[in-house]
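As provided, query07.cif (mmCIF, C-alpha atoms) reads as follows.
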data_start
#
loop_
_atom_site.label_atom_id
_atom_site.label_comp_id
_atom_site.auth_asym_id
_atom_site.auth_seq_id
_atom_site.Cartn_x
_atom_site.Cartn_y
_atom_site.Cartn_z
CA MET A 1 -44.42 -7.37 -40.47
CA THR A 2 -47.40 -7.89 -42.77
CA GLN A 3 -48.14 -11.16 -44.46
CA SER A 4 -47.94 -9.51 -47.87
CA GLY A 5 -44.18 -8.93 -47.49
CA PHE A 6 -41.20 -11.11 -46.67
CA ILE A 7 -37.61 -11.08 -45.42
CA ALA A 8 -34.80 -11.96 -47.86
CA ALA A 9 -31.30 -12.89 -46.70
CA ILE A 10 -28.09 -14.04 -48.36
CA ASP A 11 -25.48 -16.05 -46.46
CA LEU A 12 -22.07 -15.72 -48.13
CA GLY A 13 -20.38 -18.97 -47.19
CA THR A 14 -16.97 -20.21 -48.30
CA SER A 15 -18.35 -23.40 -49.87
CA LYS A 16 -21.81 -22.18 -50.90
CA ILE A 17 -23.94 -19.04 -51.12
CA THR A 18 -27.42 -19.46 -49.70
CA GLY A 19 -30.46 -17.32 -50.38
CA ILE A 20 -33.46 -17.66 -48.07
CA ILE A 21 -36.87 -15.99 -47.91
CA GLY A 22 -39.26 -16.18 -44.99
CA ARG A 23 -41.73 -14.46 -42.70
CA LYS A 24 -42.08 -14.08 -38.94
CA ASN A 25 -45.28 -14.05 -36.91
CA GLU A 26 -46.07 -12.02 -33.79
CA SER A 27 -44.28 -14.62 -31.65
CA ASN A 28 -41.06 -14.28 -33.70
CA VAL A 29 -41.50 -17.76 -35.19
CA ILE A 30 -40.12 -18.24 -38.70
CA SER A 31 -41.86 -19.64 -41.75
CA VAL A 32 -39.47 -20.38 -44.61
CA LEU A 33 -40.94 -19.64 -48.04
CA GLU A 34 -37.96 -20.46 -50.29
CA CYS A 35 -34.33 -21.52 -49.83
CA VAL A 36 -31.71 -22.00 -52.55
CA SER A 37 -27.98 -22.75 -52.28
CA LEU A 38 -25.35 -22.54 -55.04
CA PRO A 39 -21.63 -23.44 -54.90
CA SER A 40 -19.40 -20.44 -54.22
CA GLU A 41 -16.90 -21.66 -56.84
CA ASN A 42 -13.92 -20.27 -54.89
CA SER A 43 -15.31 -16.73 -55.13
CA ILE A 44 -15.25 -16.60 -51.32
CA ARG A 45 -12.18 -17.48 -49.29
CA ARG A 46 -12.16 -17.81 -45.50
CA GLY A 47 -15.54 -16.09 -45.32
CA THR A 48 -14.46 -13.04 -47.36
CA ILE A 49 -15.44 -12.28 -50.97
CA TYR A 50 -12.36 -12.84 -53.12
CA ASN A 51 -13.70 -12.66 -56.69
CA ILE A 52 -16.34 -9.93 -56.91
CA ASP A 53 -17.39 -10.65 -60.51
CA LYS A 54 -17.92 -14.36 -59.91
CA ALA A 55 -19.69 -13.84 -56.59
CA SER A 56 -22.04 -11.24 -58.07
CA ALA A 57 -22.93 -13.58 -60.95
CA ILE A 58 -23.84 -16.31 -58.45
CA VAL A 59 -25.89 -13.86 -56.37
CA ARG A 60 -27.81 -12.65 -59.45
CA LYS A 61 -28.61 -16.23 -60.42
CA LEU A 62 -29.66 -16.98 -56.85
CA ILE A 63 -31.98 -13.98 -56.70
CA SER A 64 -33.51 -14.90 -60.06
CA MET A 65 -34.21 -18.45 -58.85
CA LEU A 66 -35.81 -17.17 -55.63
CA GLU A 67 -37.96 -14.64 -57.48
CA ASN A 68 -39.13 -17.23 -60.02
CA ALA A 69 -40.00 -19.70 -57.27
CA LEU A 70 -41.79 -17.09 -55.18
CA GLY A 71 -43.43 -15.17 -58.03
CA LYS A 72 -42.44 -11.84 -56.45
CA LYS A 73 -39.61 -9.34 -56.80
CA ILE A 74 -36.87 -8.81 -54.21
CA GLY A 75 -35.95 -5.17 -53.60
CA LYS A 76 -33.35 -5.52 -50.86
CA VAL A 77 -31.59 -8.22 -48.87
CA TYR A 78 -29.89 -8.80 -45.55
CA VAL A 79 -26.31 -10.03 -46.02
CA SER A 80 -24.17 -12.11 -43.68
CA LEU A 81 -20.81 -10.75 -42.61
CA GLY A 82 -17.95 -12.98 -41.56
CA GLY A 83 -14.30 -13.69 -42.23
CA GLN A 84 -11.09 -14.43 -40.42
CA SER A 85 -10.68 -10.81 -39.25
CA VAL A 86 -14.03 -10.71 -37.39
CA HIS A 87 -13.71 -10.57 -33.60
CA THR A 88 -14.90 -8.61 -30.57
CA GLU A 89 -13.25 -5.74 -28.76
CA VAL A 90 -14.37 -4.42 -25.38
CA ILE A 91 -15.03 -0.72 -24.77
CA ARG A 92 -16.38 0.89 -21.63
CA GLU A 93 -18.49 4.03 -21.34
CA MET A 94 -19.21 5.76 -18.04
CA LYS A 95 -21.62 8.47 -16.90
CA GLN A 96 -21.65 10.28 -13.59
CA LEU A 97 -25.08 10.91 -12.10
CA SER A 98 -26.12 13.27 -9.36
CA SER A 99 -26.17 11.95 -5.82
CA SER A 100 -28.74 9.11 -5.65
CA GLY A 101 -29.55 9.68 -9.31
CA ILE A 102 -31.86 7.38 -11.24
CA VAL A 103 -30.81 5.59 -14.42
CA THR A 104 -33.27 6.55 -17.15
CA GLU A 105 -33.80 5.43 -20.74
CA ASN A 106 -32.12 8.66 -21.79
CA VAL A 107 -28.98 7.79 -19.82
CA VAL A 108 -28.80 4.35 -21.43
CA GLU A 109 -29.27 5.92 -24.86
CA GLN A 110 -26.47 8.41 -24.21
CA LEU A 111 -24.09 5.59 -23.33
CA ARG A 112 -25.06 3.73 -26.48
CA ASN A 113 -24.51 6.83 -28.62
CA GLU A 114 -21.00 7.16 -27.23
CA ALA A 115 -20.30 3.50 -28.03
CA ASP A 116 -21.54 4.02 -31.59
CA LYS A 117 -18.85 6.69 -32.07
CA TYR A 118 -16.09 4.17 -31.45
CA LYS A 119 -13.72 3.87 -34.43
CA PRO A 120 -11.16 1.06 -34.15
CA ASP A 121 -7.74 1.50 -35.71
CA LEU A 122 -7.41 -0.05 -39.20
CA LYS A 123 -10.77 -1.82 -38.71
CA ARG A 124 -14.45 -1.13 -39.05
CA LYS A 125 -17.15 -1.49 -36.40
CA TYR A 126 -19.90 -3.79 -37.68
CA ALA A 127 -22.15 -4.45 -34.69
CA ILE A 128 -22.55 -4.34 -30.93
CA GLY A 129 -22.75 -7.91 -29.72
CA ASP A 130 -23.87 -7.38 -26.12
CA VAL A 131 -23.65 -4.90 -23.27
CA GLU A 132 -23.26 -5.34 -19.52
CA TYR A 133 -24.08 -2.54 -17.05
CA PHE A 134 -22.38 -1.77 -13.75
CA LEU A 135 -24.05 0.52 -11.23
CA ASP A 136 -21.54 1.72 -8.63
CA ASP A 137 -19.32 -1.20 -9.76
CA LYS A 138 -22.09 -3.78 -9.28
CA PRO A 139 -23.39 -5.70 -12.34
CA GLU A 140 -27.01 -5.02 -13.28
CA LYS A 141 -28.85 -6.47 -16.28
CA ASN A 142 -31.75 -4.00 -16.23
CA PRO A 143 -30.39 -0.64 -15.03
CA VAL A 144 -33.37 1.59 -15.90
CA GLY A 145 -35.09 2.81 -12.74
CA VAL A 146 -32.23 1.88 -10.37
CA THR A 147 -30.55 4.57 -8.26
CA CYS A 148 -26.77 5.01 -8.30
CA SER A 149 -24.05 7.65 -8.60
CA VAL A 150 -22.04 6.11 -11.46
CA VAL A 151 -23.34 3.96 -14.33
CA GLU A 152 -20.90 2.15 -16.58
CA ALA A 153 -21.57 0.09 -19.71
CA GLU A 154 -19.23 -2.55 -21.13
CA TYR A 155 -19.84 -3.19 -24.83
CA GLN A 156 -18.70 -6.15 -26.93
CA ILE A 157 -18.01 -4.47 -30.28
CA VAL A 158 -17.77 -6.71 -33.36
CA VAL A 159 -15.01 -5.40 -35.64
CA GLY A 160 -13.28 -6.57 -38.81
CA ARG A 161 -11.34 -5.38 -41.82
CA PRO A 162 -13.01 -2.54 -43.79
CA ASN A 163 -12.83 -4.45 -47.08
CA LEU A 164 -15.37 -7.02 -45.78
CA ALA A 165 -18.23 -4.57 -46.27
CA PHE A 166 -16.64 -2.91 -49.30
CA ASN A 167 -16.48 -6.19 -51.26
CA ILE A 168 -20.02 -7.10 -50.26
CA GLU A 169 -21.34 -3.71 -51.41
CA LYS A 170 -19.53 -4.09 -54.73
CA THR A 171 -21.02 -7.57 -55.17
CA ILE A 172 -24.60 -6.93 -54.05
CA VAL A 173 -25.22 -3.24 -54.83
CA ASP A 174 -22.96 -2.26 -57.72
CA LYS A 175 -23.05 -5.50 -59.71
CA GLY A 176 -26.04 -7.30 -58.20
CA ARG A 177 -28.28 -4.20 -58.48
CA LEU A 178 -29.85 -4.80 -55.07
CA GLN A 179 -30.13 -2.72 -51.93
CA ILE A 180 -28.61 -4.00 -48.69
CA ALA A 181 -31.11 -3.78 -45.84
CA ASP A 182 -28.34 -4.40 -43.29
CA PHE A 183 -25.31 -6.53 -42.48
CA ILE A 184 -25.83 -9.35 -39.98
CA VAL A 185 -22.75 -10.82 -38.28
CA ALA A 186 -22.86 -14.53 -39.15
CA PRO A 187 -21.83 -15.98 -35.74
CA LEU A 188 -24.43 -13.81 -33.97
CA ALA A 189 -27.14 -15.08 -36.33
CA ALA A 190 -26.14 -18.73 -35.83
CA ALA A 191 -26.08 -18.31 -32.04
CA ALA A 192 -29.50 -16.61 -32.00
CA ILE A 193 -31.22 -19.54 -33.73
CA THR A 194 -29.35 -22.44 -32.05
CA LEU A 195 -28.51 -21.52 -28.44
CA THR A 196 -31.05 -21.65 -25.63
CA GLU A 197 -31.28 -18.97 -22.96
CA GLU A 198 -30.21 -21.57 -20.37
CA GLU A 199 -27.01 -22.34 -22.30
CA LYS A 200 -26.14 -18.63 -22.53
CA GLU A 201 -26.84 -18.16 -18.83
CA LEU A 202 -24.90 -21.20 -17.62
CA GLY A 203 -22.04 -20.46 -19.96
CA CYS A 204 -21.07 -22.18 -23.18
CA ALA A 205 -18.48 -22.14 -25.94
CA PHE A 206 -20.36 -21.84 -29.23
CA VAL A 207 -18.42 -23.09 -32.27
CA ASP A 208 -19.59 -22.37 -35.82
CA PHE A 209 -17.54 -24.88 -37.81
CA GLY A 210 -17.67 -23.66 -41.40
CA ALA A 211 -15.81 -24.49 -44.58
CA GLY A 212 -13.35 -21.58 -44.53
CA THR A 213 -13.29 -20.52 -40.89
CA THR A 214 -14.22 -21.69 -37.41
CA THR A 215 -15.76 -19.05 -35.15
CA LEU A 216 -15.73 -19.33 -31.37
CA SER A 217 -18.19 -17.31 -29.27
CA VAL A 218 -18.10 -17.54 -25.48
CA TYR A 219 -21.34 -16.82 -23.57
CA LYS A 220 -21.79 -16.46 -19.82
CA GLY A 221 -24.50 -14.88 -17.70
CA GLY A 222 -26.70 -14.56 -20.77
CA LEU A 223 -24.20 -12.31 -22.58
CA LEU A 224 -21.56 -12.62 -25.28
CA ARG A 225 -18.14 -12.37 -23.64
CA ARG A 226 -15.74 -13.04 -26.50
CA MET A 227 -15.80 -13.79 -30.23
CA VAL A 228 -12.83 -14.79 -32.34
CA THR A 229 -12.40 -16.36 -35.78
CA ILE A 230 -9.93 -19.17 -36.41
CA PRO A 231 -8.76 -19.21 -40.07
CA PHE A 232 -9.25 -22.97 -40.54
CA GLY A 233 -12.34 -24.97 -41.43
CA GLY A 234 -13.73 -28.00 -43.20
CA LYS A 235 -12.18 -27.01 -46.52
CA ASN A 236 -8.72 -27.29 -44.99
CA ILE A 237 -9.51 -30.89 -44.11
CA THR A 238 -10.65 -31.51 -47.70
CA ARG A 239 -7.42 -30.05 -49.10
CA ASP A 240 -5.36 -32.17 -46.73
CA ILE A 241 -7.15 -35.27 -48.03
CA ALA A 242 -6.51 -34.11 -51.60
CA GLU A 243 -2.78 -34.37 -50.84
CA LEU A 244 -3.32 -38.14 -50.93
CA ASN A 245 -3.43 -37.76 -54.72
CA PHE A 246 -7.06 -36.71 -55.24
CA VAL A 247 -8.77 -33.68 -56.68
CA GLU A 248 -10.76 -31.62 -54.19
CA SER A 249 -14.17 -32.81 -55.38
CA GLU A 250 -13.14 -36.43 -54.76
CA ALA A 251 -11.56 -35.56 -51.42
CA GLU A 252 -14.76 -33.85 -50.28
CA GLN A 253 -16.82 -36.93 -51.13
CA TYR A 254 -14.43 -39.23 -49.28
CA LYS A 255 -14.52 -36.97 -46.22
CA ILE A 256 -18.34 -36.99 -46.16
CA LYS A 257 -18.85 -40.71 -46.90
CA PHE A 258 -15.94 -42.37 -45.08
CA GLY A 259 -14.20 -39.77 -42.91
CA LYS A 260 -14.29 -39.89 -39.11
CA ALA A 261 -12.90 -37.73 -36.35
CA ARG A 262 -11.08 -40.78 -35.02
CA GLU A 263 -7.94 -42.63 -35.95
CA ASN A 264 -8.20 -46.32 -36.84
CA ASN A 265 -5.61 -48.79 -35.59
CA GLU A 266 -6.47 -51.51 -38.08
CA SER A 267 -5.72 -51.03 -41.74
CA SER A 268 -8.79 -51.01 -43.93
CA LEU A 269 -8.92 -50.48 -47.68
CA PHE A 270 -11.90 -49.56 -49.78
CA SER A 271 -12.14 -49.42 -53.54
CA SER A 272 -12.15 -46.02 -55.14
CA PRO A 273 -15.22 -45.33 -57.31
CA PHE A 274 -12.85 -43.65 -59.77
CA SER A 275 -11.21 -46.26 -61.98
CA SER A 276 -8.03 -44.24 -62.43
CA LYS A 277 -7.46 -43.91 -58.67
CA PRO A 278 -5.88 -46.45 -56.30
CA ASP A 279 -7.62 -47.96 -53.34
CA ILE A 280 -7.70 -45.72 -50.27
CA ASP A 281 -6.51 -46.66 -46.81
CA LEU A 282 -9.01 -45.51 -44.19
CA VAL A 283 -6.18 -45.28 -41.68
CA GLU A 284 -4.46 -42.62 -43.78
CA LEU A 285 -7.74 -40.84 -44.52
CA ASN A 286 -8.74 -40.51 -40.87
CA LYS A 287 -5.20 -39.72 -39.78
CA VAL A 288 -5.20 -36.69 -42.08
CA ILE A 289 -8.60 -35.60 -40.75
CA VAL A 290 -7.54 -35.90 -37.11
CA MET A 291 -4.27 -34.02 -37.67
CA ARG A 292 -6.13 -30.96 -38.97
CA LEU A 293 -8.80 -31.27 -36.27
CA ASP A 294 -6.05 -31.31 -33.64
CA GLU A 295 -4.83 -27.95 -34.93
CA ILE A 296 -8.31 -26.39 -34.99
CA THR A 297 -9.19 -27.76 -31.55
CA ALA A 298 -5.93 -26.51 -30.03
CA ASN A 299 -6.86 -23.01 -31.20
CA ILE A 300 -10.37 -23.34 -29.74
CA LYS A 301 -8.95 -24.48 -26.39
CA GLU A 302 -6.51 -21.58 -26.25
CA GLN A 303 -9.18 -19.00 -27.10
CA ILE A 304 -11.47 -20.38 -24.39
CA ARG A 305 -8.59 -20.00 -21.92
CA LEU A 306 -7.96 -16.41 -23.04
CA SER A 307 -11.63 -15.57 -22.48
CA GLY A 308 -11.20 -16.20 -18.77
CA TYR A 309 -14.31 -18.41 -18.61
CA GLN A 310 -12.62 -21.79 -19.00
CA GLU A 311 -13.93 -23.09 -15.67
CA GLN A 312 -17.37 -21.42 -15.95
CA LEU A 313 -18.92 -23.13 -18.99
CA GLY A 314 -21.69 -25.08 -17.33
CA ALA A 315 -23.42 -25.85 -20.65
CA GLY A 316 -20.21 -27.07 -22.27
CA LEU A 317 -19.58 -26.72 -25.99
CA VAL A 318 -22.24 -26.27 -28.68
CA VAL A 319 -21.14 -26.87 -32.28
CA THR A 320 -22.95 -26.09 -35.54
CA GLY A 321 -22.10 -25.32 -39.18
CA GLY A 322 -21.66 -27.45 -42.29
CA ALA A 323 -18.36 -28.99 -41.19
CA SER A 324 -19.86 -30.06 -37.85
CA GLN A 325 -21.50 -33.03 -39.59
CA LEU A 326 -18.24 -34.98 -39.63
CA ARG A 327 -18.80 -38.33 -37.99
CA ASN A 328 -17.58 -38.87 -34.41
CA LEU A 329 -16.90 -35.15 -34.01
CA GLU A 330 -18.84 -34.90 -30.74
CA GLU A 331 -16.85 -37.72 -29.12
CA TYR A 332 -13.59 -36.25 -30.41
CA LEU A 333 -14.29 -32.75 -29.02
CA THR A 334 -15.50 -34.12 -25.69
CA GLN A 335 -12.22 -35.95 -25.26
CA LYS A 336 -9.99 -33.09 -26.41
CA LEU A 337 -11.71 -30.24 -24.55
CA ASP A 338 -13.02 -32.13 -21.53
CA LEU A 339 -16.45 -30.55 -22.01
CA PRO A 340 -19.91 -31.94 -22.79
CA VAL A 341 -20.66 -31.35 -26.48
CA ARG A 342 -23.98 -30.76 -28.23
CA LYS A 343 -24.35 -30.67 -32.01
CA ALA A 344 -26.91 -27.98 -32.80
CA SER A 345 -29.17 -26.76 -35.59
CA SER A 346 -32.11 -24.32 -35.58
CA ARG A 347 -34.32 -24.63 -32.53
CA LYS A 348 -37.62 -26.29 -33.44
CA ALA A 349 -39.64 -23.81 -31.37
CA LEU A 350 -38.49 -20.98 -33.65
CA VAL A 351 -39.42 -22.65 -36.96
CA ASN A 352 -43.01 -23.68 -37.73
CA ASN A 353 -42.39 -25.43 -41.06
CA THR A 354 -39.65 -26.95 -43.25
CA PRO A 355 -38.03 -29.33 -40.75
CA GLU A 356 -35.46 -30.25 -43.41
CA TYR A 357 -34.06 -26.71 -43.13
CA ALA A 358 -34.35 -26.51 -39.37
CA ASN A 359 -32.44 -29.79 -38.95
CA ASP A 360 -29.54 -28.76 -41.20
CA PRO A 361 -26.58 -27.27 -39.26
CA ALA A 362 -25.24 -25.80 -42.51
CA LEU A 363 -28.30 -23.51 -42.65
CA ALA A 364 -28.05 -22.23 -39.07
CA THR A 365 -26.66 -18.84 -40.12
CA ALA A 366 -29.23 -18.30 -42.88
CA MET A 367 -32.10 -19.27 -40.56
CA GLY A 368 -30.72 -17.02 -37.83
CA MET A 369 -30.63 -14.09 -40.24
CA LEU A 370 -34.39 -14.40 -40.73
CA LEU A 371 -34.77 -14.33 -36.95
CA LEU A 372 -32.71 -11.14 -36.50
CA ALA A 373 -34.02 -9.27 -39.57
CA HIS A 374 -37.11 -7.06 -39.44
CA GLU A 375 -37.51 -5.02 -42.65
CA ASP A 376 -39.85 -5.96 -45.49
CA CYS A 377 -37.69 -6.83 -48.50
CA GLU A 378 -40.38 -7.19 -51.16
CA LYS A 379 -40.10 -4.87 -54.15
CA MET A 380 -43.42 -3.26 -54.96
CA VAL A 381 -43.86 -3.00 -58.74
CA GLU A 382 -46.32 -0.35 -59.92
CA GLU A 383 -48.58 -1.48 -62.74
CA PRO A 384 -48.61 0.89 -65.76
CA GLU A 385 -51.85 2.72 -66.50
CA GLU A 386 -53.96 1.15 -69.22
CA GLU A 387 -53.99 3.05 -72.50
CA ALA A 388 -56.74 3.11 -75.09
CA GLN A 389 -56.33 0.48 -77.77
CA PRO A 390 -55.06 1.66 -81.18
CA ASP A 391 -58.07 0.26 -83.05
CA GLN A 392 -60.41 2.21 -80.75
CA LYS A 393 -58.53 5.40 -81.52
CA SER A 394 -58.75 4.62 -85.24
CA LYS A 395 -62.50 4.07 -85.10
CA GLY A 396 -62.99 7.26 -83.16
CA SER A 397 -61.13 9.30 -85.76
CA VAL A 398 -63.16 7.77 -88.59
CA TRP A 399 -66.54 8.54 -87.04
CA SER A 400 -65.44 12.00 -85.95
CA ASN A 401 -64.46 12.68 -89.54
CA PHE A 402 -67.81 11.28 -90.66
CA PHE A 403 -69.62 13.90 -88.60
CA GLY A 404 -67.30 16.64 -89.76
CA GLU A 405 -65.29 17.08 -86.50
CA LYS A 406 -61.71 18.30 -86.84
CA GLU A 407 -59.09 15.71 -85.90
CA LYS A 408 -55.54 14.86 -86.93
CA THR A 409 -55.27 11.85 -89.17
CA ASP A 410 -52.84 9.00 -88.49
CA LYS A 411 -50.08 8.20 -90.92
CA VAL A 412 -50.84 5.35 -93.26
CA LYS A 413 -48.40 2.78 -94.53
CA GLU A 414 -46.57 3.44 -97.73
CA PRO A 415 -47.81 1.32 -100.66
CA ASN A 416 -45.56 -1.54 -101.66
CA GLU A 417 -43.79 -1.84 -104.99
CA LYS A 418 -46.14 -4.52 -106.34
CA GLY A 419 -48.93 -2.52 -107.23
CA HIS A 420 -50.84 -0.28 -104.94
CA LYS A 421 -51.69 2.94 -106.65
CA ASN A 422 -51.43 6.22 -104.82
CA LYS A 423 -54.62 7.07 -103.03
CA LYS A 424 -56.70 9.90 -104.32
CA GLU A 425 -57.14 12.95 -102.23
CA LYS A 426 -60.05 12.72 -99.84
CA SER A 427 -63.33 14.03 -101.16
CA ILE A 428 -65.15 16.65 -99.18
CA ASN A 429 -68.44 14.79 -99.56
CA ILE A 430 -69.66 12.08 -97.22
CA GLY A 431 -69.59 9.37 -99.86
CA GLY A 432 -65.89 10.00 -100.46
CA LYS A 433 -65.16 9.77 -96.76
CA MET A 434 -66.99 6.48 -96.46
CA LYS A 435 -65.19 5.09 -99.49
CA ASN A 436 -61.80 6.03 -98.05
CA MET A 437 -62.75 4.58 -94.69
CA PHE A 438 -63.64 1.11 -96.02
CA SER A 439 -60.70 0.96 -98.40
CA THR A 440 -58.32 1.80 -95.52
CA MET A 441 -59.85 -0.89 -93.30
CA PHE A 442 -59.21 -3.63 -95.86
CA GLU A 443 -55.71 -2.42 -96.59
CA GLU A 444 -54.80 -2.63 -92.85
CA GLU A 445 -56.13 -6.16 -92.68
CA GLU A 446 -54.00 -7.19 -95.65
CA ASP A 447 -50.88 -5.63 -94.10
CA ASP A 448 -51.41 -7.49 -90.85
CA GLN A 449 -51.66 -10.89 -92.52
#

Is it possible to give me this structure as structure tokens?
Amino acid sequence: MTQSGFIAAIDLGTSKITGIIGRKNESNVISVLECVSLPSENSIRRGTIYNIDKASAIVRKLISMLENALGKKIGKVYVSLGGQSVHTEVIREMKQLSSSGIVTENVVEQLRNEADKYKPDLKRKYAIGDVEYFLDDKPEKNPVGVTCSVVEAEYQIVVGRPNLAFNIEKTIVDKGRLQIADFIVAPLAAAAITLTEEEKELGCAFVDFGAGTTTLSVYKGGLLRRMVTIPFGGKNITRDIAELNFVESEAEQYKIKFGKARENNESSLFSSPFSSKPDIDLVELNKVIVMRLDEITANIKEQIRLSGYQEQLGAGLVVTGGASQLRNLEEYLTQKLDLPVRKASSRKALVNNTPEYANDPALATAMGMLLLAHEDCEKMVEEPEEEAQPDQKSKGSVWSNFFGEKEKTDKVKEPNEKGHKNKKEKSINIGGKMKNMFSTMFEEEEDDQ
């Protein structure tokens, strides 16, 4: 990608919509040019656009802010895709080769084409997460050039409800008046920017703890093995706290400032900054937080078990996302899941500027989208051709008339009611032409004043 262009991406989160613009160099290292986040204002619920009109208004404002900051126009954007219906399904494609046949690029492409034809029932295929090859029933990461009689490919297909893309297209294309370069599955983007190759190889449970949903992706042997979305997130914790007689905005602030993923045994009160509200018991606050966390963690544990890799996660659990910033969360998850836990954000080796963005787990998906995207999103605006100035045309017509050349005359302004007499017909002699010329010049100056 050339330095004159850029990549533009929009992450549609439940709590906020983020727009980010950046470039990548030859080593696939990101430079962030601009990043803006705006509250979603309940236009997105559990990762899915709920109010198209409100979401499109926020997106238009976001794009305008990015364009003004960058001084360039955005023609198309990459858009994140998530939601509680997003998960993986496994399909297998097989091809019989001749005796001692060789797997070629063409064979691999044929298998991929067959996988692309897959149409899940009542769902839509959004991406292919990973693929594992088996040659004569033996796993092989790089099959091209290897001899075998049967080659089989196992694809992790990311699927979800059809309305996920439909609502995004209505928001971005129809009402936002932008082209969509491509959809990028949010958990895949977050994993690409945060996980190391060693963690994927050893095996890890990757948890993207967002506001509306929590997504679990299981990796082993360098490949994605399972992805599932749990329909609970940080916003559920906030709403639980609000049941203690607070509005959601207050509950969110209490969760961030005082909440912990740990129950307190000793009662502790702190004064509410809102005069109309009573003092808050930290025991009750943290008890509510832990109760919801217990539910989310129980779902994570069960999904890890269903993946079949429960005992093979050598790198433990890696957690990212905006809700992962809850205090004591690492210790809580270590105890509940009996796994080592690492809180992750964008890998420093993949970002050569803006450490404030790289260190923010809430921006992991947006940063990962820049890493996976490849098309130039800048809108090239053609400059209009310069036209001759009106006064130059006027002078040309005067002097052409002076030398007797034929030319159409421009219309003159009608005289006002106060007193301009009708002009006399033009004289055929030169003196008359000169007289008309100078009188017209002064009249135009008076009209312009």

- request: Within 8 Å of Gly368 in chain A, counting only C-alpha atoms, which residues show up once you throw out same-chain ones fewer than 4 positions away? Write them as a list in words, please.
  value: Ala189, Ala190, Ala191, Ala192, Ile193, Ser346, Ala364 and Leu372 of chain A

task: Compare A:Ala8, A:Val185, A:Asn163, A:Ala153 by their minimum atom-to-atom distance to Lys73 in chain A, counting all atoms listed in the file, and give me the closest one.
output: A:Ala8

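If you measure from each of A:Val218, A:Val158, A:Leu333, A:Met369 to Gly203 in chain A using all atoms listed in the file, the closest one turns out to be A:Val218.
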
field: the PyMOL selection byres ((chain A and resi 320-327) around 10) applied to the shown file, residues as JSON, numbers by chain
entry: {"A": [13, 15, 187, 190, 191, 194, 206, 207, 208, 209, 210, 211, 212, 213, 214, 215, 233, 234, 235, 237, 255, 256, 257, 258, 259, 260, 261, 262, 289, 318, 319, 328, 329, 330, 331, 332, 342, 343, 344, 345, 346, 360, 361, 362, 363, 364, 365]}

query: Between A:Arg46, A:Arg292, A:Lys72, A:Arg226, which has the minimum distance to Gly5 in chain A (counting all atoms listed in the file)?
result: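 Looking only at the distances to Gly5 in chain A, the closest residue turns out to be A:Lys72.
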
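Interatomic distance, CA of Arg60 in chain A against CA of Leu188 in chain A: 25.7 Å.
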
query: So what does the PyMOL selection byres ((chain A and resi 112) around 12) actually pick up in this one, as an MDAnalysis selection string?
result: chainID A and resid 91:95 105:111 113:118 127:128 130:133 152:157

Since the input is missing atoms, can you rebuild N, CA and C atoms for range 197-207 of chain A and write them as a tab-separated table (two decimals), in the frame of the given file?
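Printed below is result.tsv as written:
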chain	number	residue	atom	x	y	z
A	197	GLU	N	-31.59	-19.97	-23.98
A	197	GLU	CA	-31.28	-18.97	-22.96
A	197	GLU	C	-30.56	-19.61	-21.78
A	198	GLU	N	-30.88	-20.87	-21.47
A	198	GLU	CA	-30.21	-21.57	-20.37
A	198	GLU	C	-28.74	-21.78	-20.67
A	199	GLU	N	-28.42	-22.13	-21.93
A	199	GLU	CA	-27.01	-22.34	-22.30
A	199	GLU	C	-26.22	-21.03	-22.19
A	200	LYS	N	-26.82	-19.92	-22.64
A	200	LYS	CA	-26.14	-18.63	-22.53
A	200	LYS	C	-25.94	-18.24	-21.08
A	201	GLU	N	-26.91	-18.54	-20.24
A	201	GLU	CA	-26.84	-18.16	-18.83
A	201	GLU	C	-25.81	-19.00	-18.09
A	202	LEU	N	-25.85	-20.31	-18.30
A	202	LEU	CA	-24.90	-21.20	-17.62
A	202	LEU	C	-23.48	-21.01	-18.10
A	203	GLY	N	-23.36	-20.63	-19.35
A	203	GLY	CA	-22.04	-20.46	-19.96
A	203	GLY	C	-21.75	-21.56	-20.95
A	204	CYS	N	-21.38	-21.18	-22.16
A	204	CYS	CA	-21.07	-22.18	-23.18
A	204	CYS	C	-20.07	-21.61	-24.17
A	205	ALA	N	-19.36	-22.50	-24.82
A	205	ALA	CA	-18.48	-22.14	-25.94
A	205	ALA	C	-19.23	-22.55	-27.21
A	206	PHE	N	-19.59	-21.58	-28.01
A	206	PHE	CA	-20.36	-21.84	-29.23
A	206	PHE	C	-19.41	-21.83	-30.42
A	207	VAL	N	-19.35	-22.94	-31.15
A	207	VAL	CA	-18.42	-23.09	-32.27
A	207	VAL	C	-19.21	-23.24	-33.56
